[in-house]
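Asker: Got a structure for you, entry_10.cif, holding mmCIF, C-alpha atoms.
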```
data_target
#
loop_
_atom_site.label_atom_id
_atom_site.label_comp_id
_atom_site.auth_asym_id
_atom_site.auth_seq_id
_atom_site.Cartn_x
_atom_site.Cartn_y
_atom_site.Cartn_z
CA MET X 8 119.50 171.26 111.11
CA LEU X 9 116.04 170.30 112.00
CA GLU X 10 114.67 172.03 108.96
CA THR X 11 116.97 170.16 106.69
CA LEU X 12 115.90 166.80 108.14
CA LEU X 13 112.30 167.62 107.64
CA ILE X 14 112.81 168.43 104.02
CA ARG X 15 114.67 165.23 103.45
CA SER X 16 111.94 163.32 105.15
CA ARG X 17 109.43 164.62 102.66
CA ALA X 18 111.69 163.69 99.78
CA VAL X 19 111.87 159.99 100.70
CA PRO X 20 108.97 158.13 99.01
CA SER X 21 106.70 156.29 101.33
CA ASP X 22 104.85 152.99 100.71
CA PRO X 23 101.59 153.50 98.87
CA PRO X 24 98.59 153.22 101.14
CA ARG X 25 96.73 149.88 100.98
CA ARG X 26 93.14 149.85 99.87
CA ARG X 27 90.69 148.50 102.34
CA GLY X 28 89.81 144.86 101.58
CA ALA X 29 92.70 144.23 99.17
CA THR X 30 94.94 141.22 99.76
CA THR X 31 98.01 139.88 98.11
CA LEU X 32 98.07 136.06 97.46
CA GLY X 33 101.03 133.97 96.56
CA PRO X 34 101.02 131.27 93.84
CA GLU X 35 100.34 128.47 96.36
CA ARG X 36 97.22 130.15 97.73
CA ASP X 37 95.93 130.73 94.18
CA ARG X 38 96.12 126.98 93.42
CA PHE X 39 94.10 126.08 96.50
CA GLY X 40 91.46 128.59 95.57
CA VAL X 41 90.97 127.03 92.14
CA LEU X 42 90.75 123.54 93.63
CA LYS X 43 88.13 124.67 96.11
CA ALA X 44 86.11 126.22 93.32
CA VAL X 45 86.23 123.03 91.27
CA LEU X 46 85.21 120.89 94.23
CA ALA X 47 82.38 123.25 95.05
CA ALA X 48 81.04 122.88 91.49
CA VAL X 49 80.86 119.04 91.64
CA PRO X 50 77.24 117.75 92.31
CA TRP X 51 78.21 115.45 95.15
CA LEU X 52 74.59 114.72 96.13
CA GLN X 53 73.65 113.48 92.68
CA ILE X 54 76.80 111.37 92.44
CA GLY X 55 76.09 109.81 95.81
CA MET X 56 72.49 108.99 94.89
CA GLY X 57 73.61 107.48 91.60
CA ALA X 58 76.12 105.27 93.35
CA VAL X 59 73.45 104.08 95.78
CA ILE X 60 71.07 103.24 92.90
CA VAL X 61 73.76 101.30 91.05
CA LEU X 62 74.57 99.39 94.22
CA LEU X 63 70.93 98.54 94.86
CA ALA X 64 70.43 97.45 91.25
CA ALA X 65 73.31 95.04 91.66
CA LEU X 66 72.05 93.74 94.99
CA VAL X 67 68.39 93.17 94.00
CA PRO X 68 68.98 90.18 91.65
CA TRP X 69 71.42 88.70 94.10
CA GLY X 70 69.02 89.11 96.98
CA THR X 71 66.06 87.85 94.94
CA GLY X 72 68.00 84.74 93.99
CA LYS X 73 68.87 84.12 97.62
CA VAL X 74 65.21 84.49 98.67
CA LEU X 75 63.93 82.23 95.89
CA ASN X 76 66.52 79.59 96.67
CA ALA X 77 65.47 79.68 100.30
CA MET X 78 61.77 79.39 99.34
CA ASP X 79 62.17 76.86 96.53
CA GLN X 80 60.28 73.60 96.88
CA GLN X 81 59.83 70.48 94.79
CA PHE X 82 56.63 69.57 92.96
CA LEU X 83 54.96 66.90 95.06
CA ALA X 84 51.53 66.66 93.39
CA VAL X 85 49.89 67.06 89.97
CA ASP X 86 46.25 67.95 89.28
CA VAL X 87 44.87 67.37 85.76
CA ASN X 88 41.51 68.88 84.83
CA GLY X 89 39.37 68.46 81.72
CA ASP X 90 36.63 66.49 79.98
CA PHE X 91 38.14 63.36 78.50
CA ILE X 92 36.91 61.05 75.76
CA GLY X 93 40.02 59.77 74.04
CA ASP X 94 42.70 60.33 76.65
CA SER X 95 42.32 59.65 80.36
CA GLN X 96 43.01 61.65 83.48
CA VAL X 97 45.11 58.85 84.92
CA ALA X 98 47.30 58.62 81.81
CA LEU X 99 47.78 62.38 81.72
CA GLU X 100 48.68 62.53 85.40
CA ARG X 101 51.17 59.72 84.83
CA ALA X 102 52.72 61.65 81.94
CA ALA X 103 52.92 64.85 83.99
CA GLY X 104 54.38 62.83 86.86
CA ASN X 105 57.77 63.10 85.17
CA TRP X 106 58.01 66.55 86.74
CA ILE X 107 57.34 65.38 90.29
CA GLY X 108 60.42 66.23 92.36
CA LYS X 109 61.46 69.04 90.02
CA SER X 110 62.11 72.59 91.24
CA TYR X 111 59.01 74.71 91.83
CA PHE X 112 60.64 77.89 90.51
CA SER X 113 63.17 76.76 87.93
CA THR X 114 61.04 74.20 86.07
CA ASP X 115 60.14 75.42 82.57
CA LEU X 116 56.34 75.18 82.32
CA SER X 117 56.45 75.55 78.52
CA GLU X 118 58.36 72.27 78.38
CA ILE X 119 55.52 70.53 80.22
CA LYS X 120 52.95 72.16 77.93
CA GLU X 121 54.74 71.10 74.74
CA SER X 122 55.20 67.57 76.00
CA LEU X 123 51.50 67.10 76.76
CA GLU X 124 50.35 68.71 73.51
CA ARG X 125 52.27 66.08 71.56
CA ARG X 126 49.72 63.51 72.75
CA PRO X 127 47.27 62.73 69.90
CA TRP X 128 44.09 63.67 71.75
CA VAL X 129 45.36 66.86 73.40
CA GLU X 130 44.52 70.09 71.61
CA SER X 131 45.90 72.44 74.29
CA ALA X 132 47.38 72.30 77.78
CA ALA X 133 47.49 75.19 80.25
CA VAL X 134 50.07 74.62 82.99
CA ARG X 135 50.45 76.66 86.18
CA ARG X 136 52.14 76.47 89.59
CA VAL X 137 50.16 76.47 92.83
CA TRP X 138 52.19 77.24 95.94
CA PRO X 139 53.84 75.55 97.64
CA ASP X 140 54.32 72.26 95.74
CA ARG X 141 51.50 71.64 93.26
CA LEU X 142 51.37 71.52 89.47
CA VAL X 143 47.91 72.18 87.96
CA ILE X 144 47.21 71.32 84.31
CA ASP X 145 44.03 72.16 82.37
CA ILE X 146 43.59 69.95 79.29
CA ARG X 147 41.35 70.60 76.29
CA GLU X 148 40.84 67.59 74.07
CA LYS X 149 40.32 67.60 70.32
CA LYS X 150 36.68 67.21 69.37
CA PRO X 151 36.33 64.61 66.61
CA LEU X 152 34.09 65.57 63.71
CA ALA X 153 34.41 62.53 61.46
CA TYR X 154 36.50 59.48 60.58
CA TRP X 155 39.01 59.90 57.77
CA ASP X 156 39.29 57.16 55.16
CA ASP X 157 42.52 55.64 56.54
CA GLY X 158 41.35 55.24 60.13
CA ARG X 159 42.41 58.64 61.35
CA LEU X 160 40.06 61.20 62.88
CA VAL X 161 39.21 64.72 61.77
CA SER X 162 38.82 67.31 64.51
CA ARG X 163 36.27 70.13 64.37
CA THR X 164 39.12 72.51 63.62
CA GLY X 165 40.09 70.50 60.54
CA GLU X 166 43.09 68.71 62.01
CA LEU X 167 43.84 65.11 61.11
CA PHE X 168 45.12 63.03 64.02
CA ALA X 169 45.81 59.34 64.59
CA PRO X 170 45.16 58.13 68.14
CA GLU X 171 45.50 54.49 69.08
CA ASN X 172 41.82 54.33 70.01
CA PRO X 173 39.82 56.20 67.31
CA GLN X 174 36.79 54.00 67.94
CA VAL X 175 36.05 55.81 71.22
CA ALA X 176 34.79 58.71 69.10
CA GLY X 177 31.64 56.69 68.52
CA ARG X 178 29.35 56.95 65.53
CA LEU X 179 30.56 59.69 63.19
CA PRO X 180 30.35 60.45 59.46
CA ARG X 181 33.16 59.20 57.22
CA LEU X 182 35.12 61.62 55.08
CA ALA X 183 37.83 60.91 52.54
CA GLY X 184 40.14 62.78 50.21
CA PRO X 185 43.67 64.09 49.84
CA ASP X 186 45.05 65.30 53.17
CA GLU X 187 45.70 68.77 51.81
CA ARG X 188 42.00 69.07 50.86
CA VAL X 189 40.61 68.12 54.25
CA ARG X 190 39.15 71.57 54.90
CA ASP X 191 37.45 71.58 51.49
CA VAL X 192 35.88 68.21 52.27
CA ILE X 193 34.68 69.44 55.67
CA ARG X 194 33.20 72.60 54.16
CA MET X 195 31.31 70.67 51.48
CA ALA X 196 30.15 68.07 53.99
CA ARG X 197 28.71 70.72 56.30
CA THR X 198 26.87 72.43 53.46
CA MET X 199 25.30 69.20 52.24
CA SER X 200 24.51 67.93 55.72
CA GLU X 201 22.58 71.07 56.64
CA GLU X 202 20.47 70.88 53.49
CA LEU X 203 19.82 67.16 53.83
CA VAL X 204 18.45 67.64 57.33
CA GLY X 205 15.96 70.14 55.96
CA HIS X 206 14.65 67.42 53.62
CA GLY X 207 14.47 64.68 56.23
CA LEU X 208 17.69 62.97 55.16
CA SER X 209 20.78 62.20 57.21
CA PHE X 210 24.37 62.67 56.10
CA ALA X 211 26.69 59.66 56.49
CA GLY X 212 29.81 60.52 54.50
CA LEU X 213 31.53 62.32 51.66
CA SER X 214 34.58 61.45 49.58
CA LEU X 215 36.72 63.47 47.21
CA GLU X 216 38.85 61.58 44.71
CA GLU X 217 42.29 62.73 43.57
CA ARG X 218 40.86 63.75 40.20
CA GLY X 219 38.24 65.94 41.93
CA ALA X 220 35.08 63.79 41.80
CA TRP X 221 32.67 63.89 44.75
CA THR X 222 30.54 61.02 46.08
CA LEU X 223 27.93 61.49 48.83
CA GLN X 224 26.76 58.77 51.23
CA LEU X 225 23.40 59.00 52.99
CA ALA X 226 22.55 57.41 56.33
CA ASN X 227 19.87 55.26 54.62
CA GLY X 228 22.62 53.63 52.51
CA ILE X 229 22.06 55.48 49.25
CA GLU X 230 25.24 56.52 47.39
CA VAL X 231 25.02 59.70 45.30
CA VAL X 232 27.62 60.24 42.54
CA LEU X 233 28.14 63.97 41.91
CA GLY X 234 31.30 64.02 39.76
CA ARG X 235 33.70 66.93 39.35
CA ASP X 236 31.70 69.71 37.70
CA GLN X 237 28.58 71.58 38.78
CA VAL X 238 28.58 69.66 42.04
CA GLU X 239 26.14 72.01 43.81
CA GLN X 240 23.67 71.95 40.91
CA ARG X 241 23.82 68.16 40.67
CA PHE X 242 23.26 67.89 44.41
CA GLU X 243 20.16 70.10 44.13
CA ARG X 244 18.92 68.00 41.21
CA PHE X 245 19.28 64.85 43.31
CA ILE X 246 17.28 66.45 46.15
CA THR X 247 14.47 67.35 43.73
CA VAL X 248 14.33 63.87 42.17
CA TYR X 249 14.51 62.19 45.55
CA GLU X 250 11.60 64.15 46.98
CA THR X 251 9.40 63.73 43.91
CA ARG X 252 10.24 60.19 42.77
CA LEU X 253 12.43 58.26 45.22
CA ALA X 254 11.42 59.09 48.79
CA SER X 255 8.63 56.52 48.88
CA ARG X 256 11.00 53.79 47.60
CA SER X 257 14.23 54.88 49.32
CA ASP X 258 14.76 51.45 50.87
CA GLU X 259 14.97 50.00 47.33
CA VAL X 260 17.58 52.48 46.03
CA SER X 261 21.25 51.53 46.07
CA ARG X 262 22.91 54.26 44.00
CA VAL X 263 22.00 57.51 42.26
CA ASP X 264 24.20 58.97 39.52
CA ALA X 265 23.54 62.69 39.21
CA ARG X 266 26.10 63.38 36.48
CA TYR X 267 23.41 63.48 33.80
CA THR X 268 22.38 66.80 32.23
CA ASN X 269 18.62 66.59 32.70
CA GLY X 270 18.13 63.85 35.25
CA VAL X 271 19.70 61.07 37.30
CA ALA X 272 20.32 57.35 36.87
CA VAL X 273 19.07 55.10 39.64
CA GLN X 274 20.49 51.70 40.56
CA TRP X 275 18.01 49.53 42.47
CA LYS X 276 18.97 47.02 45.11
CA ALA X 277 16.81 44.29 43.52
CA ALA X 278 18.66 44.62 40.21
CA GLU X 279 22.26 45.50 41.01
CA GLY X 280 24.02 46.61 37.87
CA ALA X 281 20.84 47.77 36.11
CA SER X 282 19.89 51.44 35.93
CA SER X 283 17.09 53.49 34.57
CA PRO X 284 17.03 57.27 33.95
CA LYS X 285 14.71 59.48 35.97
CA SER X 286 13.90 63.05 35.04
#
```
Show me the file's structure as structure tokens.
Answerer:
Amino acid sequence: MLETLLIRSRAVPSDPPRRRGATTLGPERDRFGVLKAVLAAVPWLQIGMGAVIVLLAALVPWGTGKVLNAMDQQFLAVDVNGDFIGDSQVALERAAGNWIGKSYFSTDLSEIKESLERRPWVESAAVRRVWPDRLVIDIREKKPLAYWDDGRLVSRTGELFAPENPQVAGRLPRLAGPDERVRDVIRMARTMSEELVGHGLSFAGLSLEERGAWTLQLANGIEVVLGRDQVEQRFERFITVYETRLASRSDEVSRVDARYTNGVAVQWKAAEGASSPKS
């Protein structure tokens, strides 16, 4: 009987042996494993740092605004600096005084600059803040070069301007011509003035007519008609005739017409209206 039982025992299949380290997971445990793997792959440190940076970027303008508002003052004083001939320091300070009481930080300095540069004598204005409550303005005035024929002034940069007090510019040459030719007139005037000085003569004025004719005025009162063509050659001819024939009698000469081909015509003060050719 025992033998039979033993044989039967061998015939019944037994469970297969388990390999060391092997496990059997259910569906629920598999899902948790995937989730853990996904979470482990996320760069949490970088995400956290990015969030902090975004938060700080949002807080900086807000905090800066709060600090500036706490520090903000009003302008209580204005300093104007510069060398003045046409305008005055008092008048400029009075004009800039419109910004007294305005916000130190929020005031637009370009607005002040543009306002001051609209004044006839002001060429440029540099405006800056000085903590805690001061406005400092550096003014550069236009430098007048000559009077224009209608009472305006010509600056050294070739700008025409019309102040209320042009006479403060003092004794200056007089220029005239179409407004759009002002730089041409200045250029010609400078050329002639430099050469006249070399010959002991002083420049007093120059005019350009609409049709293009030039007329020179000397400081000794002599008027020189140069016309439209060959102006430089006619000017040189006048210089030659003046030095050789007219210098000793310059106080008698009223007008010289240099439009002749081989000489000039002279009008004498003692006989206004009469002229005689000189070669």
Asker: For stretch 153-164 of chain X, list every protein, DNA or RNA residue within 12 Å, evaluated using all atoms listed in the file, and leave out those in the same chain fewer than 4 positions away; present the list as a ChimeraX atom specification.
Answerer: /X:93,127-130,148-149,168-186,188-190,192-194,196-197,210-216
Asker: Go through the shown structure with the PyMOL selection byres ((chain X and resi 140) around 7) and write out the matching residues as a CSV table (one decimal) with C-alpha atoms, in the frame of the given file.
Answerer:
```csv
chain,number,residue,atom,x,y,z
X,80,GLN,CA,60.3,73.6,96.9
X,81,GLN,CA,59.8,70.5,94.8
X,82,PHE,CA,56.6,69.6,93.0
X,83,LEU,CA,55.0,66.9,95.1
X,84,ALA,CA,51.5,66.7,93.4
X,111,TYR,CA,59.0,74.7,91.8
X,137,VAL,CA,50.2,76.5,92.8
X,138,TRP,CA,52.2,77.2,95.9
X,139,PRO,CA,53.8,75.6,97.6
X,141,ARG,CA,51.5,71.6,93.3
X,142,LEU,CA,51.4,71.5,89.5
```
Asker: Quick one: distance from atom CA of X:Lys109 to atom CA of X:Val87 in Å, one decimal?
Answerer: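 It comes out at 17.2 Å.
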Asker: Of the candidates X:Asp79, X:Val143, X:Ala272, X:Val231, which shows the shortest atom-to-atom distance to X:Ser113, using all atoms listed in the file?
Answerer: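 Using all atoms listed in the file, the shortest distance to X:Ser113 belongs to X:Asp79.
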Asker: For atom CA of X:Gly205 and atom CA of X:Lys276, determine how far apart the two atoms are, in Å to one decimal place.
Answerer: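 Calculated distance between atom CA of X:Gly205 and atom CA of X:Lys276 is 25.7 Å.
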Asker: Selected by the PyMOL selection byres ((chain X and resi 103) around 12) in the shown coordinates: which residues, as a ChimeraX atom specification?
Answerer: /X:82-87,96-102,104-109,116,118-124,126,132,134,141-146
Asker: Show me, as a PyMOL selection string, the residues that have an atom within 9 Å of X:Met199 when counting all atoms listed in the file, minus same-chain residues fewer than 4 positions from it.
Answerer: chain X and resi 194-195+203-204+210+223+239+242
Asker: Determine the nearest neighbour of X:Arg147 from the options X:Ala226, X:Ala133, X:Ala277, X:Ile246, counting only C-alpha atoms.
Answerer: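 Smallest separation from X:Arg147 among the options: X:Ala133.
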Asker: Could you tell me, as a list in words, exactly which residues end up selected when the PyMOL selection byres ((chain X and resi 253) around 12) is applied to this structure?
Answerer: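 This file, filtered by the PyMOL selection byres ((chain X and resi 253) around 12), leaves Ile229, Phe245, Ile246, Thr247, Val248, Tyr249, Glu250, Thr251, Arg252, Ala254, Ser255, Arg256, Ser257, Asp258, Glu259, Val260, Ser261, Arg262, Val263, Val271, Ala272, Val273, Gln274, Trp275, Lys285 and Ser286 of chain X.
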Asker: Can you write just those residues out, C-alpha atoms, as a short mmCIF file (atom, residue, chain, number, x, y, z; two decimals), in the frame of the given file?
Answerer:
```
data_model
loop_
_atom_site.label_atom_id
_atom_site.label_comp_id
_atom_site.auth_asym_id
_atom_site.auth_seq_id
_atom_site.Cartn_x
_atom_site.Cartn_y
_atom_site.Cartn_z
CA ILE X 229 22.06 55.48 49.25
CA PHE X 245 19.28 64.85 43.31
CA ILE X 246 17.28 66.45 46.15
CA THR X 247 14.47 67.35 43.73
CA VAL X 248 14.33 63.87 42.17
CA TYR X 249 14.51 62.19 45.55
CA GLU X 250 11.60 64.15 46.98
CA THR X 251 9.40 63.73 43.91
CA ARG X 252 10.24 60.19 42.77
CA ALA X 254 11.42 59.09 48.79
CA SER X 255 8.63 56.52 48.88
CA ARG X 256 11.00 53.79 47.60
CA SER X 257 14.23 54.88 49.32
CA ASP X 258 14.76 51.45 50.87
CA GLU X 259 14.97 50.00 47.33
CA VAL X 260 17.58 52.48 46.03
CA SER X 261 21.25 51.53 46.07
CA ARG X 262 22.91 54.26 44.00
CA VAL X 263 22.00 57.51 42.26
CA VAL X 271 19.70 61.07 37.30
CA ALA X 272 20.32 57.35 36.87
CA VAL X 273 19.07 55.10 39.64
CA GLN X 274 20.49 51.70 40.56
CA TRP X 275 18.01 49.53 42.47
CA LYS X 285 14.71 59.48 35.97
CA SER X 286 13.90 63.05 35.04
#
```
Asker: To one decimal in Å, tell me the separation between atom CA of X:Glu217 and atom CA of X:Arg244.
Answerer: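 Rounded to one decimal, the two atoms are 24.1 Å apart.
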